[in-house]
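This report concerns only the one structure given below.
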Amino acid sequence: MNDMLKKASEKLRNYNGKKVRIMEVCGTHTHEIMRLGIRKLLSENIELISGPGCPVCVTDEAFIEKAIFLSQEMRCTILSFGDLLRVPGGGKSLLLARAEGAKVEIVYSAIDSVKYAKAHPDEDCVFLSIGFETTVPGNLLAVKKAKELSLSNFSMLSAMKTMPGAYRLMARSTDAFLYPGHVCAITGTKELEELCKNGVSGVVSGFSPEELLSSILFCVDGLSKEKTFFKNLYPRVVTEEGSIEAKRLIAEMTVPFDSKWRGIGVIKDSGLALSNEYSFFDAEKRYEIPAFNERRETACRCGDVLTGRITPHDCPLFRKACTPENPVGACMVSSEGACSAYYDYGEIR
Ligand code: SF4
């Protein structure tokens with residue numbers, strides 16, 4: 001351990017000020033904090049809670065049901081990132097739909113799904129487009145490519161989301177945020193500075209042990225002074241402006257809508273749908289998809305985990321009925337999900 005790490009971890013271990021809660025919004029932060037054992041280094045007066053920053057975890061159940069409907073009733077080929085296949089929706093998953101005969105293919109990028117559609121002109125291909133500001137530009141470039149190629153057998157089912165509404169909603173659950181470095185690389189920091197003016201504290205954090213510990217320490221120091229603060233502690237990647245090119249693409253190709261986040265509810269203007277110019281590629285417009293509003297009762301407490309009300313340990317299904325091999329909720333599916341990170345690296349109670 002280098003000197004900086006030693007000093008920071010000593011300060012954080014010996015902290016005996018008022019109790020503080022810090023939310024790591026990003027799933028990669030959650031994963032790294034668990035993997036590095038950072039929670040165990042902290043004074044009991046510092047609580048780290050996991051937030052809604054894993055796109056797989058917050059993808060609504062109805063989205064999975066729509067994808068299953070498209071695969072089974074409309075006989076579409078579903079093209080998806082692998083994690084999403086195991087996410088439950090309406091008592092089923094895309095993996096199960098595939099076992100029942102649906103055509104569901106794993107892709108590693110949005111552009112791969114365009115290549116697949118081009119190579120399979122007899123199949124109606126639907127790409128499941130999830131992700132936050134980091135992933136959205138790549139997904140949109142794929143749609144641009146499909147348009148360029150005049151692909152009539154390609155469309156996109158969108159569960160793309162943006163973070164600012166979630167910060168505002170989650171501000172009630174935490175004293176300060178560790179803002180997601182990758183998302184901020186696209187969005188820049190202006191909105192976060194505005195949030196700070198409205199009483200929301202936080203720092204943009206990187207992902208190395210040094211960056212994580214110094215970000216937590218900055219929050220703890222700031223909270224002890226009882227002043228609202230904001231600091232970009234990831235300046236080698238994040239700028240005030242963010243990625244102008246990516247933001248221009250998002251503004252040009254999408255329109256915001258009120259999107260439902262799994263376990264959290266609807267967040268105003270937090271979803272991104274394709275704009276009119278690209279609506280030919282919008283699966284919601286191309287196919288008649290029924291509304292999937294019926295919710296089944298489940299003991300899964302993903303919503304409480306994602307809003308920092310409980311830790312995965314407090315869910316009665318954790319490590320019992322719910323494991324990475326047999327996930328009951330989405331937070332156990334992706335390696336960036338809080339339940340999955342606690343399962344892999346957390347202490348067993
Ligand atoms: S442990 Fe499983 S059932 Fe419990 S909240 Fe996490 S994902 Fe849901």
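Labels for the structure tokens follow display order: chains A, B, ..., residues from 1 in each chain, ligands from 1.
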Exercise for review: Please report, as a list in words, each residue of stretch 300-336 of chain A to which DSSP assigns helix (DSSP H, G or I) when run on this structure's backbone.
Suggested key: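 DSSP on the backbone gives helix (DSSP H, G or I) at Cys302, Gly303, Asp304, Val305, Leu306, Pro312, His313, Asp314, Ala330, Cys331 and Met332 of chain A.
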Exercise for review: Can you pull out every residue within 12 Å of stretch 241-258 of chain A, counting only C-alpha atoms, but drop anything in the same chain fewer than 2 positions away, and send it as a PyMOL selection string?
Suggested key: chain A and resi 132-144+158-162+165-166+181-193+232+235-239+260-261+265-279+281-282
Practice item. Grab me every residue within 7 Å of ligand 1, counting only C-alpha atoms and all ligand atoms, and send it over as a PyMOL selection string. Key: chain A and resi 299-302+305+312+315-319+322-323+327-332+339
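Proximity of A:Tyr15, A:Pro88, A:Ser9, A:Thr59 to A:Ser259, computed with only C-alpha atoms, is greatest for A:Thr59.
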**Study point:** stretch 113-120 of chain A environment, 8 Å, only C-alpha atoms, sequence neighbours closer than 2 positions dropped, as a PyMOL selection string
**Key:** chain A and resi 79+107+109-111+122-125+127+142-143+145-146+151+153-154
